[in-house]
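One file, input09.cif, is given below (mmCIF, C-alpha atoms and all ligand atoms).
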```
data_query
loop_
_atom_site.label_atom_id
_atom_site.label_comp_id
_atom_site.auth_asym_id
_atom_site.auth_seq_id
_atom_site.Cartn_x
_atom_site.Cartn_y
_atom_site.Cartn_z
CA MET A 21 66.60 119.15 80.35
CA ASP A 22 66.61 115.83 82.16
CA PHE A 23 67.03 115.40 85.92
CA GLU A 24 67.24 111.59 85.73
CA LEU A 25 70.54 109.85 86.26
CA SER A 26 71.62 107.75 83.28
CA ASP A 27 70.98 103.98 83.59
CA GLU A 28 74.70 103.48 84.21
CA GLN A 29 74.82 106.15 86.93
CA ALA A 30 71.68 104.79 88.65
CA LEU A 31 73.05 101.24 88.57
CA PHE A 32 76.34 102.40 90.03
CA ARG A 33 74.56 104.38 92.78
CA ASP A 34 72.44 101.33 93.67
CA THR A 35 75.54 99.11 93.86
CA ILE A 36 77.31 101.52 96.23
CA ARG A 37 74.11 101.98 98.27
CA ARG A 38 73.78 98.22 98.78
CA PHE A 39 77.43 98.06 99.90
CA VAL A 40 76.92 100.96 102.31
CA ASP A 41 73.72 99.46 103.75
CA ALA A 42 75.31 96.03 104.22
CA GLU A 43 78.88 96.84 105.23
CA ILE A 44 79.07 100.39 106.59
CA ARG A 45 75.83 101.48 108.27
CA PRO A 46 75.66 98.51 110.68
CA VAL A 47 79.14 99.21 112.11
CA ALA A 48 79.55 102.99 111.69
CA ARG A 49 78.44 104.13 115.16
CA GLU A 50 80.42 101.55 117.11
CA TRP A 51 83.62 101.74 115.06
CA GLU A 52 83.56 105.54 114.91
CA ALA A 53 83.10 105.81 118.66
CA ALA A 54 86.01 103.41 119.19
CA GLY A 55 88.21 105.23 116.64
CA ARG A 56 88.69 101.83 114.99
CA TYR A 57 90.31 101.85 111.55
CA PRO A 58 87.83 100.27 109.09
CA HIS A 59 90.20 97.85 107.29
CA GLU A 60 87.37 95.51 106.27
CA ILE A 61 85.45 98.34 104.61
CA VAL A 62 88.58 99.42 102.73
CA GLU A 63 88.83 95.85 101.42
CA GLY A 64 85.23 96.02 100.21
CA MET A 65 85.95 99.34 98.48
CA ARG A 66 88.89 97.72 96.73
CA ASP A 67 86.63 94.91 95.50
CA LEU A 68 84.23 97.49 94.07
CA GLY A 69 87.09 99.25 92.26
CA LEU A 70 86.40 102.52 94.11
CA PHE A 71 90.07 103.44 94.42
CA GLY A 72 90.11 103.80 90.63
CA ILE A 73 87.20 106.21 90.24
CA THR A 74 89.38 109.07 88.89
CA ILE A 75 91.84 106.84 87.00
CA PRO A 76 91.52 106.05 83.25
CA GLU A 77 90.41 102.56 82.21
CA SER A 78 93.73 102.09 80.40
CA TYR A 79 95.38 101.97 83.86
CA GLY A 80 92.68 99.72 85.31
CA GLY A 81 90.51 102.51 86.77
CA LEU A 82 86.78 103.18 86.45
CA ALA A 83 87.21 106.66 84.89
CA LEU A 84 83.91 107.84 86.35
CA ASP A 85 82.26 111.02 85.10
CA LEU A 86 82.23 113.73 87.78
CA VAL A 87 78.47 113.44 88.51
CA SER A 88 79.03 109.76 89.31
CA LEU A 89 82.00 110.76 91.46
CA THR A 90 79.78 113.01 93.61
CA ILE A 91 77.26 110.17 93.88
CA VAL A 92 79.95 107.79 95.22
CA PHE A 93 80.86 110.31 97.92
CA GLU A 94 77.23 111.04 98.77
CA GLU A 95 76.44 107.35 99.20
CA LEU A 96 79.55 106.58 101.28
CA ALA A 97 78.95 109.60 103.53
CA ARG A 98 75.31 108.57 103.97
CA GLY A 99 76.79 105.58 105.78
CA TRP A 100 79.83 107.15 107.48
CA MET A 101 81.55 110.36 106.40
CA GLY A 102 84.97 109.10 107.53
CA ILE A 103 84.84 106.33 104.92
CA ALA A 104 84.28 108.92 102.21
CA GLY A 105 87.36 110.69 103.63
CA ILE A 106 89.49 107.60 103.07
CA LEU A 107 88.61 107.73 99.38
CA GLY A 108 88.64 111.53 99.11
CA SER A 109 92.31 112.43 99.23
CA HIS A 110 93.25 109.23 97.36
CA SER A 111 90.98 110.04 94.44
CA LEU A 112 92.03 113.67 94.12
CA ALA A 113 95.74 112.79 94.33
CA ALA A 114 95.27 110.04 91.72
CA TRP A 115 93.45 112.57 89.49
CA MET A 116 96.39 114.95 89.93
CA ILE A 117 98.96 112.28 89.01
CA ASP A 118 96.94 111.35 85.92
CA ARG A 119 96.51 114.98 84.79
CA HIS A 120 99.95 116.29 85.60
CA GLY A 121 102.29 113.31 85.89
CA THR A 122 104.84 112.29 83.28
CA ASP A 123 104.14 109.10 81.28
CA ASP A 124 106.65 107.31 83.49
CA GLN A 125 104.92 108.52 86.70
CA ARG A 126 101.49 107.49 85.39
CA ASP A 127 102.79 104.06 84.33
CA ARG A 128 104.53 103.40 87.66
CA HIS A 129 101.79 104.64 90.00
CA LEU A 130 98.32 104.56 88.46
CA PRO A 131 97.82 100.78 87.96
CA ASP A 132 98.44 100.07 91.67
CA LEU A 133 96.43 103.10 92.80
CA ALA A 134 93.51 102.04 90.59
CA THR A 135 93.16 98.68 92.35
CA GLY A 136 93.92 100.08 95.79
CA ARG A 137 96.93 97.75 96.09
CA ARG A 138 98.71 100.97 96.94
CA ARG A 139 96.89 104.05 98.20
CA THR A 140 97.71 107.73 98.19
CA ALA A 141 96.86 111.00 99.96
CA ILE A 142 97.80 114.67 99.74
CA ALA A 143 100.12 116.64 102.03
CA LEU A 144 99.60 120.39 101.56
CA THR A 145 98.80 121.86 104.98
CA GLU A 146 101.52 122.71 107.53
CA PRO A 147 101.34 123.73 111.18
CA ASP A 148 101.75 127.40 110.18
CA THR A 149 99.79 127.52 106.94
CA GLY A 150 96.70 125.99 105.36
CA SER A 151 94.64 128.44 103.31
CA ASP A 152 97.76 130.27 102.14
CA LEU A 153 99.47 127.46 100.26
CA ALA A 154 102.03 129.78 98.68
CA ALA A 155 103.48 130.15 102.20
CA VAL A 156 104.43 126.49 102.67
CA ARG A 157 107.82 126.11 104.26
CA THR A 158 108.66 122.52 103.44
CA ARG A 159 111.90 122.90 101.55
CA ALA A 160 113.14 120.87 98.58
CA VAL A 161 116.80 121.18 97.66
CA ARG A 162 118.27 119.62 94.53
CA ASP A 163 121.21 117.32 95.24
CA GLY A 164 122.52 115.40 92.21
CA ASP A 165 119.76 113.11 90.90
CA ASP A 166 117.64 113.66 94.00
CA TYR A 167 115.76 116.32 95.90
CA VAL A 168 116.09 116.48 99.68
CA LEU A 169 112.84 117.43 101.44
CA THR A 170 112.65 118.88 104.95
CA GLY A 171 109.55 120.14 106.76
CA THR A 172 106.39 119.28 108.65
CA LYS A 173 102.92 118.61 107.25
CA PHE A 174 99.76 118.80 109.34
CA TRP A 175 96.30 117.21 109.29
CA ILE A 176 97.25 114.64 106.66
CA THR A 177 94.44 112.14 106.09
CA ASN A 178 95.55 108.62 105.10
CA ALA A 179 99.20 109.51 105.83
CA ARG A 180 100.07 106.05 107.16
CA PHE A 181 98.76 104.27 104.09
CA ALA A 182 100.04 106.61 101.38
CA ASP A 183 102.56 105.28 98.89
CA PRO A 184 103.34 107.61 97.26
CA LEU A 185 102.53 110.60 99.47
CA PRO A 186 102.31 113.71 97.24
CA VAL A 187 103.98 116.53 99.20
CA LEU A 188 103.80 120.23 98.33
CA ALA A 189 107.21 121.86 98.89
CA THR A 190 109.12 124.89 97.69
CA VAL A 191 112.40 124.94 95.82
CA ASP A 192 112.61 128.70 96.24
CA PRO A 193 111.43 130.06 99.61
CA GLY A 194 110.17 133.60 99.36
CA SER A 195 109.05 133.24 95.72
CA GLY A 196 105.46 132.34 96.68
CA HIS A 197 103.61 129.97 94.37
CA ARG A 198 106.34 130.21 91.69
CA GLY A 199 108.63 127.93 93.73
CA LEU A 200 106.05 125.27 94.54
CA CYS A 201 106.44 121.66 93.43
CA VAL A 202 104.66 118.41 94.21
CA PHE A 203 106.90 115.42 95.00
CA LEU A 204 105.59 111.85 94.96
CA VAL A 205 107.38 110.70 98.10
CA PRO A 206 107.65 106.89 98.42
CA GLY A 207 105.78 105.67 101.51
CA ASP A 208 108.87 103.90 102.84
CA ALA A 209 111.30 106.78 102.21
CA GLU A 210 113.93 107.15 104.92
CA GLY A 211 113.21 110.20 107.10
CA LEU A 212 109.45 110.21 106.37
CA SER A 213 107.40 109.54 109.51
CA VAL A 214 104.07 110.14 111.19
CA SER A 215 104.94 112.03 114.36
CA ARG A 216 101.46 112.01 115.89
CA ASP A 217 97.73 111.63 115.36
CA ILE A 218 95.78 114.85 115.84
CA GLY A 219 92.80 114.59 118.18
CA LYS A 220 89.55 115.78 116.60
CA LEU A 221 85.84 116.39 117.14
CA GLY A 222 84.57 113.90 114.57
CA TYR A 223 85.77 112.21 111.38
CA LYS A 224 87.09 109.40 113.51
CA GLY A 225 88.24 106.15 111.96
CA PRO A 226 90.52 107.62 109.27
CA GLU A 227 93.68 109.06 110.73
CA SER A 228 94.66 112.75 110.59
CA CYS A 229 98.38 113.03 111.11
CA GLU A 230 101.31 115.29 111.59
CA VAL A 231 103.98 114.14 109.15
CA VAL A 232 107.67 114.94 109.47
CA LEU A 233 110.07 114.98 106.51
CA ASP A 234 113.58 114.84 107.92
CA ALA A 235 115.99 115.22 104.98
CA VAL A 236 113.94 112.81 102.87
CA ARG A 237 115.78 111.94 99.65
CA VAL A 238 113.39 111.72 96.70
CA PRO A 239 114.57 110.82 93.17
CA ALA A 240 114.14 113.72 90.71
CA GLY A 241 111.90 111.38 88.68
CA GLU A 242 109.25 111.84 91.40
CA LEU A 243 108.88 115.60 90.81
CA LEU A 244 105.29 115.65 89.49
CA GLY A 245 105.32 116.56 85.81
CA GLY A 246 109.12 116.75 85.80
CA GLU A 247 109.21 120.55 85.90
CA GLU A 248 109.80 122.85 88.88
CA GLY A 249 107.31 125.59 89.78
CA LYS A 250 104.14 123.82 88.60
CA GLY A 251 102.92 122.68 92.03
CA PHE A 252 100.40 125.43 92.63
CA VAL A 253 98.54 124.87 89.35
CA GLN A 254 98.63 121.10 89.84
CA VAL A 255 97.16 121.35 93.33
CA VAL A 256 94.50 123.95 92.48
CA GLY A 257 93.12 121.69 89.70
CA ALA A 258 92.98 118.73 92.08
CA LEU A 259 91.25 120.82 94.75
CA ALA A 260 88.36 121.52 92.33
CA VAL A 261 87.79 117.74 92.14
CA GLY A 262 88.24 117.59 95.91
CA ARG A 263 85.54 120.22 96.40
CA LEU A 264 83.08 118.14 94.39
CA ASN A 265 83.86 115.18 96.63
CA ILE A 266 83.30 117.31 99.75
CA ALA A 267 80.01 118.62 98.32
CA GLY A 268 78.92 115.02 97.70
CA ARG A 269 79.90 114.07 101.26
CA ALA A 270 77.94 117.02 102.67
CA VAL A 271 74.82 115.97 100.74
CA GLY A 272 75.22 112.42 102.07
CA VAL A 273 75.48 113.55 105.70
CA ALA A 274 72.52 115.93 105.27
CA GLN A 275 70.42 113.20 103.62
CA ASP A 276 71.16 110.79 106.45
CA ALA A 277 70.26 113.43 109.06
CA TYR A 278 67.00 114.17 107.24
CA ASP A 279 66.11 110.47 106.83
CA ARG A 280 66.67 109.87 110.53
CA ALA A 281 64.59 112.92 111.53
CA LEU A 282 61.70 111.83 109.31
CA ALA A 283 61.73 108.26 110.64
CA TYR A 284 61.99 109.41 114.25
CA SER A 285 59.17 111.94 113.86
CA ARG A 286 56.84 109.18 112.64
CA GLN A 287 57.54 106.79 115.51
CA ARG A 288 57.99 109.22 118.46
CA HIS A 289 54.72 110.13 120.19
CA ALA A 290 53.99 113.19 122.33
CA PHE A 291 50.66 114.49 123.59
CA GLY A 292 48.97 111.35 122.22
CA GLN A 293 50.15 111.62 118.60
CA PRO A 294 53.25 111.14 116.44
CA ILE A 295 55.38 114.27 116.62
CA ALA A 296 55.28 114.26 112.78
CA ASP A 297 51.68 115.48 113.11
CA PHE A 298 52.81 118.74 114.76
CA GLN A 299 53.13 121.57 112.30
CA ALA A 300 56.35 122.77 113.96
CA ILE A 301 57.97 119.41 113.16
CA GLN A 302 56.48 119.36 109.64
CA LEU A 303 58.06 122.75 108.90
CA LYS A 304 61.47 121.37 109.88
CA ILE A 305 60.94 118.30 107.69
CA ALA A 306 59.95 120.50 104.74
CA ASP A 307 62.94 122.82 105.23
CA MET A 308 65.39 119.94 105.58
CA ALA A 309 64.13 118.09 102.49
CA THR A 310 64.17 121.26 100.39
CA ALA A 311 67.67 122.16 101.51
CA VAL A 312 69.06 118.66 100.91
CA GLN A 313 67.56 118.41 97.43
CA GLY A 314 68.78 121.91 96.55
CA ALA A 315 72.32 121.04 97.67
CA ARG A 316 72.23 117.80 95.67
CA LEU A 317 71.10 119.56 92.49
CA LEU A 318 73.75 122.28 92.87
CA THR A 319 76.38 119.57 93.39
CA TRP A 320 75.29 117.67 90.27
CA TRP A 321 75.23 120.92 88.27
CA ALA A 322 78.75 121.78 89.47
CA ALA A 323 80.01 118.30 88.57
CA TRP A 324 78.30 118.47 85.17
CA SER A 325 79.81 121.93 84.56
CA ALA A 326 83.27 120.81 85.68
CA GLU A 327 83.10 117.84 83.28
CA ARG A 328 82.49 120.21 80.38
CA ALA A 329 84.89 122.89 81.62
CA ASP A 330 87.53 120.19 81.85
CA ALA A 331 87.05 119.12 78.24
CA SER A 332 87.42 122.69 77.00
CA GLY A 333 90.31 123.47 79.31
CA ALA A 334 88.33 126.22 81.11
CA ARG A 335 88.42 126.40 84.90
CA ALA A 336 85.83 124.58 87.02
CA ASP A 337 86.75 126.02 90.39
CA VAL A 338 83.86 128.47 90.79
CA ALA A 339 81.09 125.91 90.25
CA ALA A 340 82.82 123.35 92.47
CA GLY A 341 83.39 126.03 95.11
CA MET A 342 79.72 127.02 95.07
CA ALA A 343 78.61 123.41 95.51
CA LYS A 344 81.05 122.72 98.35
CA TYR A 345 80.19 125.99 100.12
CA HIS A 346 76.42 125.59 99.84
CA ALA A 347 76.21 121.85 100.51
CA SER A 348 78.41 122.07 103.60
CA GLU A 349 76.34 124.92 105.06
CA VAL A 350 73.20 122.86 104.35
CA ALA A 351 74.76 119.87 106.11
CA LEU A 352 75.53 122.01 109.17
CA SER A 353 71.98 123.36 109.43
CA VAL A 354 70.23 120.05 108.63
CA VAL A 355 72.13 118.03 111.25
CA LEU A 356 71.20 120.64 113.86
CA GLU A 357 67.54 120.52 112.82
CA SER A 358 67.63 116.72 112.89
CA MET A 359 69.01 116.88 116.42
CA ARG A 360 66.17 119.18 117.45
CA VAL A 361 63.57 116.80 115.97
CA HIS A 362 65.12 113.99 118.05
CA GLY A 363 64.79 115.98 121.28
CA GLY A 364 66.99 114.60 124.07
CA ALA A 365 67.66 111.43 122.07
CA GLY A 366 69.51 113.55 119.51
CA TYR A 367 72.08 114.48 122.15
CA SER A 368 72.67 110.87 123.11
CA THR A 369 75.65 108.85 121.90
CA GLU A 370 73.23 105.92 121.55
CA LEU A 371 71.83 107.33 118.31
CA GLU A 372 73.65 108.40 115.15
CA VAL A 373 72.64 112.06 114.99
CA GLU A 374 75.38 113.21 117.35
CA ARG A 375 78.00 111.67 115.02
CA LEU A 376 76.54 113.56 112.06
CA TYR A 377 76.62 116.72 114.19
CA ARG A 378 80.34 116.17 114.87
CA ASP A 379 81.19 115.22 111.28
CA ALA A 380 79.38 118.03 109.46
CA PRO A 381 81.71 120.96 110.36
CA LEU A 382 84.68 119.36 108.59
CA MET A 383 83.00 119.89 105.21
CA ALA A 384 83.00 123.66 105.88
CA ILE A 385 86.80 123.51 106.46
CA GLY A 386 88.38 120.86 104.21
CA GLU A 387 89.50 121.64 100.61
CA GLY A 388 89.33 125.35 101.42
CA THR A 389 87.34 126.97 104.21
CA ASN A 390 83.97 128.34 103.17
CA ASP A 391 85.18 131.92 103.62
CA ILE A 392 88.11 131.25 101.28
CA LEU A 393 85.66 129.73 98.81
CA ARG A 394 83.36 132.73 99.01
CA THR A 395 86.28 134.97 98.02
CA LEU A 396 87.21 132.55 95.23
CA ILE A 397 83.61 132.46 93.92
CA ALA A 398 83.42 136.25 94.01
CA LYS A 399 86.70 136.61 92.10
CA GLY A 400 85.43 134.20 89.42
CA LEU A 401 82.17 136.11 89.06
CA VAL A 402 83.81 139.54 89.00
CA ALA A 403 86.34 138.34 86.41
CA GLY A 404 83.48 136.94 84.29
CA ARG A 405 84.79 133.37 84.35
CA THR A 406 81.36 132.19 85.52
CA VAL A 407 78.03 133.76 84.64
CA ILE A 408 74.91 132.97 86.63
CA GLY A 409 71.43 133.04 85.08
C1 LIG A 501 90.05 116.56 109.77
C2 LIG A 501 90.89 117.29 108.79
C3 LIG A 501 91.49 116.62 107.74
C4 LIG A 501 92.34 117.30 106.86
N1 LIG A 501 92.98 116.58 105.87
C5 LIG A 501 93.95 117.22 105.14
C6 LIG A 501 94.76 116.48 104.21
O1 LIG A 501 94.59 115.27 104.03
N2 LIG A 501 95.75 117.14 103.56
C7 LIG A 501 95.99 118.48 103.74
O2 LIG A 501 96.90 119.01 103.12
N3 LIG A 501 95.23 119.22 104.60
C8 LIG A 501 94.22 118.61 105.29
N4 LIG A 501 93.44 119.34 106.19
C9 LIG A 501 93.74 120.76 106.37
C10 LIG A 501 92.68 121.69 105.81
O3 LIG A 501 92.71 121.67 104.40
C11 LIG A 501 92.95 123.06 106.40
O4 LIG A 501 92.64 123.00 107.79
C12 LIG A 501 92.15 124.16 105.74
O5 LIG A 501 92.56 124.37 104.40
C13 LIG A 501 92.28 125.49 106.50
O6 LIG A 501 93.60 125.80 106.75
P1 LIG A 501 94.06 126.20 108.26
O7 LIG A 501 93.51 125.16 109.17
O8 LIG A 501 95.52 126.41 108.24
O9 LIG A 501 93.32 127.54 108.56
P2 LIG A 501 93.87 129.06 108.28
O10 LIG A 501 94.35 129.16 106.86
O11 LIG A 501 94.83 129.43 109.35
O12 LIG A 501 92.52 129.86 108.45
C14 LIG A 501 92.01 130.24 109.74
C15 LIG A 501 90.79 131.12 109.52
O13 LIG A 501 91.16 132.30 108.79
C16 LIG A 501 90.36 132.42 107.62
N5 LIG A 501 91.17 132.98 106.53
C17 LIG A 501 92.44 132.66 106.17
N6 LIG A 501 92.82 133.39 105.10
C18 LIG A 501 91.76 134.17 104.76
C19 LIG A 501 91.51 135.12 103.72
N7 LIG A 501 92.43 135.41 102.78
N8 LIG A 501 90.30 135.72 103.67
C20 LIG A 501 89.35 135.44 104.59
N9 LIG A 501 89.51 134.53 105.59
C21 LIG A 501 90.71 133.91 105.67
C22 LIG A 501 89.91 130.99 107.30
O14 LIG A 501 88.70 130.99 106.52
C23 LIG A 501 89.69 130.45 108.71
O15 LIG A 501 88.43 130.88 109.17
C24 LIG A 501 92.55 118.69 107.02
C25 LIG A 501 91.90 119.39 108.05
C26 LIG A 501 91.09 118.71 108.93
C27 LIG A 501 90.44 119.47 110.06
#
```
Using structure tokens, write down the structure that the file contains.
Ligand SMILES: Cc1cc2nc3c(=O)[nH]c(=O)nc-3n(C[C@H](O)[C@H](O)[C@H](O)COP(=O)(O)OP(=O)(O)OC[C@H]3O[C@@H](n4cnc5c(N)ncnc54)[C@H](O)[C@@H]3O)c2cc1C
Amino acid sequence: MDFELSDEQALFRDTIRRFVDAEIRPVAREWEAAGRYPHEIVEGMRDLGLFGITIPESYGGLALDLVSLTIVFEELARGWMGIAGILGSHSLAAWMIDRHGTDDQRDRHLPDLATGRRRTAIALTEPDTGSDLAAVRTRAVRDGDDYVLTGTKFWITNARFADPLPVLATVDPGSGHRGLCVFLVPGDAEGLSVSRDIGKLGYKGPESCEVVLDAVRVPAGELLGGEEGKGFVQVVGALAVGRLNIAGRAVGVAQDAYDRALAYSRQRHAFGQPIADFQAIQLKIADMATAVQGARLLTWWAAWSAERADASGARADVAAGMAKYHASEVALSVVLESMRVHGGAGYSTELEVERLYRDAPLMAIGEGTNDILRTLIAKGLVAGRTVIG
């Protein structure tokens, strides 16, 4: 067994870390507070080829292994979790188009998505349903060579920049997951619009939108995979990759919170000594470091397992679910502990900890709430799809 990253993985991590330290960390607090869209950072991510991390080299992508993928998300989130969000839905949607698209769909979309010339997103959630995807109401009706899509999507990250926007819709309401299809809706399709931005606690910078599809005409050639009724399977596979990205993000936020607590405890004095010399603070530092490293190792293990499960065709959802569930709970507890170590300063908007405190809860919600994941993990264990020990 070897816990070292490969030379290639370590080099890649160092490259992203330098980018994050130079371009993201210096502006994160100010831009996040202002809700400013980070166009310049997106440009830098394009230059690094990050929009192609899940796309094969034959289409101009980087085709990263899944451990490297989690490292990208950890490093970006160590600087600003919202930036990792900009890449998150793009990379899982691109993965889905590569895995499930027709040759024609791959050829038309993947080269542009790999360079970031065009970007993508994923529109699953609706005002009335999120966890229960089989209940989506967005309707797709065949009309000649087209489908006509009508419905409302909710909480869609990157909605304004997505071209195409993969939309989960049903061709057969009432049939549950059997009627689900993913349509690659062109970003400029008539009738497709962002109706509003949803206000939120954290994760500011990237937009989270309500999207309306008002009789949007989509050519039948944009039905993902070319066959009706495959949407549920297509989306579930992509969500496993999405959960690895969320686990990576959670580790990044937790690492940043820990780093800041350690640094602050060394420089802040109370009762004539650095607070780091108090055992009560040392216990928090020990607990935070142990939790962060445990979450990172579980995330790497899940990514490593998913890579192999992928090759054999077996399902990777249980391992990815475990990593996302555990790492996001660790992030929640570590940001709170970091805030405690900072005392009153931790509550101030003049330091970064309060942003981490606002960003961390999203990782317990996105790509499946942690309670949904716990039921999914349990089902996998009971069915014997994953064995622990
Ligand atoms: C900032 C942000 C960005 C997002 N970005 C996107 C995006 O880009 N694209 C997209 O499609 N969606 C996105 N989402 C939506 C997100 O995926 C959903 O919010 C999430 O899946 C939960 O769905 P819901 O909000 O409808 O909650 P619900 O499904 O209504 O769940 C409410 C509560 O009930 C619990 N619950 C529901 N069913 C069960 C069950 N069977 N067993 C036990 N407990 C259950 C849940 O765990 C939760 O606690 C985003 C959300 C946020 C907050």
Using all atoms listed in the file, the residue out of A:Leu371, A:Leu376, A:Ala48, A:Ile91 with shortest distance to Trp320 in chain A is A:Ile91
Around ligand LIG 501 (chain A), which protein and nucleic acid residues have at least one atom no more than 10 Å from it, if we count all atoms listed in the file? List them as an NGL selection string. :A and (102 or 105-106 or 108-110 or 141-153 or 173-179 or 186-188 or 218-224 or 226-230 or 259 or 379 or 381-396)
Proximity to Lys399 in chain A - best of A:Ala53, A:Leu68, A:Val214, A:Val338, all atoms listed in the file: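 Residue with the minimum atom-to-atom distance to Lys399 in chain A: A:Val338.
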Let me make sure I understand: among A:Gly364, A:Gly225, A:Arg33, A:Ala343, which one has the smallest atom-to-atom distance to His59 in chain A if we use all atoms listed in the file?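 Nearest candidate to His59 in chain A out of A:Gly364, A:Gly225, A:Arg33, A:Ala343: A:Gly225.
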Straight-line distance linking CA of Gly246 in chain A with CA of Asp183 in chain A, stated in Å to one decimal: 18.6 Å
To one decimal place, how far is CA of Val205 in chain A from CA of Leu112 in chain A in Å? 16.1 Å
